[in-house]
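> Can you keep this structure in mind? I'll have questions shortly.
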Amino acid sequence: MANTYKAMRTNKKELKMQRKKTNILHHNLNAEYPVLQRGEGVYVFDNKGKRYLDAVGGVGVVNIGHGVEEVMEAIEKQMRTLAFSYNGTVDNQPAEDMAAKLQQWAPAGMGETKTLFSSGGAEANEGAIKLAYQYHWERGLPSKKKIIGRWQSYHGNTIGTLSASGRTSWRSMYDPYMLDFMHISPPYCYRCPWGESYPGCKMECAYALKKTIKQAGPENISAFLAEPVIGTSMSAVVPPKEYYPIIREICDEFDVLFIVDEVMTGVGRTGKPWGIDNWQVTPDIITTSKGISGGYSPLGVLMLNEKICKTIEDGTGLVTHSCTYGGNPVSCAAGLATLEYIEKNDLVSRAGI
Ligand SMILES: Cc1ncc(COP(=O)(O)O)c(C=O)c1O
């Protein structure tokens, strides 16, 4: 790691002299960032009038384009009616409507879902990690606390989510804080970690989960967390068709919850409502963010299946994971208008191949 940071310091002085002054703590302090001024459809424009094709949709966020009237109107209307209410003590109608809309979007096998809103993906995944553990705890299984994630994965930049992530370049600086979570190798056929070739292989990538659960002891494992299609750490890696059905079977065998991180792949981005739908597998928990509100207002979503909700309801009946801005009426209005826009314009099937 020392070498990486040494390399990043190269030419630092020279670059510093050329850079304009800024008080923003950038990801790369030695780079100069263009300043964006406005967006329109698939384009963004900087403050010098230069036009860019926003081919990455911000960062997998602006799924319905910039400047969609319906969404802006819904936000404005909501801001003028009620800009904020705190989800710990009261409800608001957009949050109720958004949770009901998400129930319509949820895979049928999840049953009657409940949604906890947050401001982004990491907060949603952090909640998923905590509530997966709570589910086991409520059933008298307090040792089931470890999360298994995958190398070359990304679930967020908080301590819990980074610990579950397998993005070494972002973990290494903060290594002293990483939690004792486990990771298996990714289902990456192009450079198979086992040196095999699909379809002649034995799907070792999926069975690695079974091995890891057995080695750690199923009594210690809470959940397996995965992005259905691998996102920012190994872009657009699609596991073989057998992968998630095997993963689901293994999770069921060892009483391990299956959490899908749909922050990148959710709400139609893969041509199905959820990325995991491409494998016809039902998860226990879905998290999402980014495109759920199209970039118009920050929104994170943590959706629990009926089994988990009922267990908590019949147990302590308490969920203490929360965020102040989670479920605020403006973000929920943005999310609702975005989902309605996606439905109205049939964007899910139009995004498919
Ligand atoms: C798959 C996935 N999960 C979680 C996150 C974290 O989301 P946020 O940056 O909103 O906390 C990201 C962000 O890139 C992501 O791609």
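Just so we're on the same page: first chain in the structure tokens is A, next is B, and so on; residues restart at 1 for each chain, and ligands are numbered from 1 in the order they show up.
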Hey, which residues sit close to ligand 1? Say within 6 Å, counting only C-alpha atoms and all ligand atoms, and write them as a list in words.

Gly120, Gly121, Ala122, Tyr154, His155, Gly156, Glu227, Gly231, Thr232, Asp261, Val263 and Met264 of chain A

> Excluding region 201-216 of chain A and its own-chain neighbours fewer than 4 positions away, which residues fall within 10 Å of it when counting only C-alpha atoms? Please give them as an NGL selection string.

:A and (146 or 148-150 or 182-189 or 192-197 or 220-224 or 239-240 or 242-251 or 253-254 or 256)

> For the helix (DSSP H, G or I) assignment from backbone DSSP, which residues of region 30-163 of chain A qualify? Please present them as a PyMOL selection string.

chain A and resi 57-60+69-81+93-105+108-110+121-138+159-163

> Have a look at CA of Glu343 (chain A) and CA of Gln37 (chain A) and let me know their distance in Å, one decimal.

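So the two atoms, CA of Glu343 (chain A) and CA of Gln37 (chain A), lie 29.2 Å apart.
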
> Do a neighbour search on region 293-302 of chain A at 7 Å with only C-alpha atoms, toss out local chain neighbours closer than 4 positions, and write the hits as number ranges by chain.

A: 61-64, 115-121, 124, 128, 286-289, 331, 334-335, 338

> Could you save those same residues with all heavy atoms as a short mmCIF file (atom, residue, chain, number, x, y, z; two decimals), in the first residue's frame?


data_model
loop_
_atom_site.label_atom_id
_atom_site.label_comp_id
_atom_site.auth_asym_id
_atom_site.auth_seq_id
_atom_site.Cartn_x
_atom_site.Cartn_y
_atom_site.Cartn_z
N VAL A 61 -27.09 6.41 -10.98
CA VAL A 61 -28.15 7.07 -10.21
C VAL A 61 -29.24 7.66 -11.11
O VAL A 61 -30.43 7.42 -10.90
CB VAL A 61 -27.53 8.20 -9.33
CG1 VAL A 61 -28.62 9.03 -8.68
CG2 VAL A 61 -26.60 7.63 -8.29
N VAL A 62 -28.81 8.42 -12.13
CA VAL A 62 -29.76 9.20 -12.93
C VAL A 62 -30.38 8.28 -14.01
O VAL A 62 -30.16 8.45 -15.20
CB VAL A 62 -29.05 10.43 -13.56
CG1 VAL A 62 -30.06 11.37 -14.20
CG2 VAL A 62 -28.25 11.18 -12.52
N ASN A 63 -31.16 7.33 -13.55
CA ASN A 63 -31.67 6.28 -14.45
C ASN A 63 -32.75 6.78 -15.41
O ASN A 63 -32.97 6.17 -16.45
CB ASN A 63 -32.25 5.12 -13.64
CG ASN A 63 -31.15 4.31 -12.98
OD1 ASN A 63 -29.98 4.61 -13.13
ND2 ASN A 63 -31.53 3.30 -12.23
N ILE A 64 -33.44 7.85 -15.05
CA ILE A 64 -34.52 8.32 -15.93
C ILE A 64 -34.15 9.65 -16.59
O ILE A 64 -34.98 10.30 -17.20
CB ILE A 64 -35.87 8.43 -15.19
CG1 ILE A 64 -35.80 9.43 -14.03
CG2 ILE A 64 -36.32 7.06 -14.69
CD1 ILE A 64 -37.17 9.74 -13.42
N THR A 115 -40.66 -1.80 4.73
CA THR A 115 -39.51 -1.03 4.25
C THR A 115 -39.04 -0.03 5.29
O THR A 115 -39.85 0.64 5.93
CB THR A 115 -39.89 -0.29 2.95
OG1 THR A 115 -40.03 -1.25 1.90
CG2 THR A 115 -38.84 0.72 2.55
N LEU A 116 -37.72 0.04 5.45
CA LEU A 116 -37.11 1.06 6.29
C LEU A 116 -36.35 1.99 5.34
O LEU A 116 -35.51 1.53 4.56
CB LEU A 116 -36.15 0.40 7.28
CG LEU A 116 -35.41 1.33 8.25
CD1 LEU A 116 -36.36 1.87 9.30
CD2 LEU A 116 -34.29 0.57 8.95
N PHE A 117 -36.64 3.27 5.40
CA PHE A 117 -35.98 4.22 4.50
C PHE A 117 -34.73 4.81 5.13
O PHE A 117 -34.65 4.99 6.35
CB PHE A 117 -36.95 5.35 4.13
CG PHE A 117 -38.12 4.90 3.32
CD1 PHE A 117 -39.39 4.85 3.88
CD2 PHE A 117 -37.96 4.51 1.99
CE1 PHE A 117 -40.48 4.43 3.14
CE2 PHE A 117 -39.05 4.08 1.24
CZ PHE A 117 -40.32 4.04 1.81
N SER A 118 -33.78 5.14 4.27
CA SER A 118 -32.55 5.81 4.72
C SER A 118 -32.17 6.85 3.67
O SER A 118 -32.95 7.13 2.76
CB SER A 118 -31.43 4.78 4.89
OG SER A 118 -31.14 4.17 3.64
N SER A 119 -30.98 7.42 3.82
CA SER A 119 -30.56 8.47 2.88
C SER A 119 -29.69 7.92 1.75
O SER A 119 -29.39 8.63 0.81
CB SER A 119 -29.76 9.55 3.61
OG SER A 119 -30.45 9.97 4.76
N GLY A 120 -29.24 6.68 1.87
CA GLY A 120 -28.36 6.14 0.83
C GLY A 120 -28.16 4.65 0.98
O GLY A 120 -28.75 4.01 1.86
N GLY A 121 -27.29 4.12 0.11
CA GLY A 121 -27.08 2.68 0.04
C GLY A 121 -26.37 2.11 1.25
O GLY A 121 -26.73 1.04 1.76
N ALA A 124 -28.61 1.73 4.16
CA ALA A 124 -29.56 0.62 3.95
C ALA A 124 -28.85 -0.71 4.22
O ALA A 124 -29.39 -1.59 4.91
CB ALA A 124 -30.12 0.67 2.54
N ALA A 128 -29.38 -3.64 6.99
CA ALA A 128 -29.60 -5.05 6.62
C ALA A 128 -28.71 -5.95 7.47
O ALA A 128 -29.16 -7.00 7.95
CB ALA A 128 -29.29 -5.24 5.13
N ILE A 286 -33.89 -7.06 0.58
CA ILE A 286 -33.41 -6.28 -0.57
C ILE A 286 -33.01 -4.89 -0.06
O ILE A 286 -33.76 -4.26 0.70
CB ILE A 286 -34.51 -6.10 -1.64
CG1 ILE A 286 -34.84 -7.44 -2.31
CG2 ILE A 286 -34.09 -5.08 -2.69
CD1 ILE A 286 -35.94 -7.34 -3.37
N THR A 287 -31.85 -4.43 -0.47
CA THR A 287 -31.49 -3.03 -0.23
C THR A 287 -31.35 -2.34 -1.58
O THR A 287 -30.94 -2.96 -2.56
CB THR A 287 -30.15 -2.90 0.53
OG1 THR A 287 -29.12 -3.51 -0.25
CG2 THR A 287 -30.23 -3.53 1.90
N THR A 288 -31.71 -1.08 -1.62
CA THR A 288 -31.50 -0.33 -2.85
C THR A 288 -31.38 1.16 -2.55
O THR A 288 -31.65 1.61 -1.42
CB THR A 288 -32.60 -0.62 -3.91
OG1 THR A 288 -32.17 -0.12 -5.18
CG2 THR A 288 -33.92 0.02 -3.56
N SER A 289 -30.93 1.91 -3.54
CA SER A 289 -30.77 3.36 -3.40
C SER A 289 -30.54 3.91 -4.82
O SER A 289 -31.19 3.45 -5.75
CB SER A 289 -29.60 3.67 -2.46
OG SER A 289 -29.52 5.05 -2.23
N SER A 331 -37.96 13.14 -0.22
CA SER A 331 -37.26 12.03 -0.90
C SER A 331 -38.24 10.93 -1.29
O SER A 331 -38.10 10.31 -2.36
CB SER A 331 -36.17 11.46 0.00
OG SER A 331 -35.14 12.39 0.15
N ALA A 334 -40.05 11.98 -4.30
CA ALA A 334 -39.16 11.84 -5.46
C ALA A 334 -39.11 10.38 -5.90
O ALA A 334 -39.18 10.06 -7.10
CB ALA A 334 -37.77 12.34 -5.12
N GLY A 335 -38.99 9.47 -4.91
CA GLY A 335 -38.92 8.04 -5.23
C GLY A 335 -40.20 7.54 -5.87
O GLY A 335 -40.18 6.81 -6.87
N THR A 338 -40.49 8.82 -9.36
CA THR A 338 -39.53 8.11 -10.23
C THR A 338 -40.07 6.73 -10.61
O THR A 338 -40.05 6.34 -11.79
CB THR A 338 -38.15 7.98 -9.53
OG1 THR A 338 -37.69 9.29 -9.20
CG2 THR A 338 -37.14 7.30 -10.41
#

> Quick one: distance from CA of Glu96 (chain A) to CA of Val71 (chain A) in Å, one decimal?

17.7 Å

> Residues near Met98 (chain A), anyone? I mean within 8 Å using only C-alpha atoms, not counting same-chain ones fewer than 6 positions away, as a VMD selection string.

chain A and resid 332 to 333 335 to 336

> Grab the residues selected above and save them as an mmCIF file, in the first residue's frame with N, CA and C atoms.


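Heads up, here's the output in again-v8.cif:
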data_model
loop_
_atom_site.group_PDB
_atom_site.id
_atom_site.type_symbol
_atom_site.label_atom_id
_atom_site.label_comp_id
_atom_site.auth_asym_id
_atom_site.auth_seq_id
_atom_site.Cartn_x
_atom_site.Cartn_y
_atom_site.Cartn_z
ATOM 1 N N CYS A 332 -39.211 10.656 -0.416
ATOM 2 C CA CYS A 332 -40.198 9.618 -0.745
ATOM 3 C C CYS A 332 -41.073 10.056 -1.920
ATOM 4 N N ALA A 333 -41.410 11.344 -1.978
ATOM 5 C CA ALA A 333 -42.188 11.851 -3.120
ATOM 6 C C ALA A 333 -41.364 11.713 -4.401
ATOM 7 N N GLY A 335 -38.987 9.468 -4.911
ATOM 8 C CA GLY A 335 -38.924 8.039 -5.226
ATOM 9 C C GLY A 335 -40.205 7.545 -5.874
ATOM 10 N N LEU A 336 -41.323 7.987 -5.317
ATOM 11 C CA LEU A 336 -42.621 7.563 -5.840
ATOM 12 C C LEU A 336 -42.805 8.060 -7.282
#

> Quick one: DSSP strand (DSSP E or B) residues in region 13-257 of chain A, as JSON, numbers by chain?

{"A": [36, 37, 38, 39, 40, 41, 43, 44, 45, 46, 51, 52, 53, 66, 114, 115, 116, 117, 118, 146, 147, 148, 149, 150, 182, 183, 184, 221, 222, 223, 224, 225, 226, 230, 237, 257]}
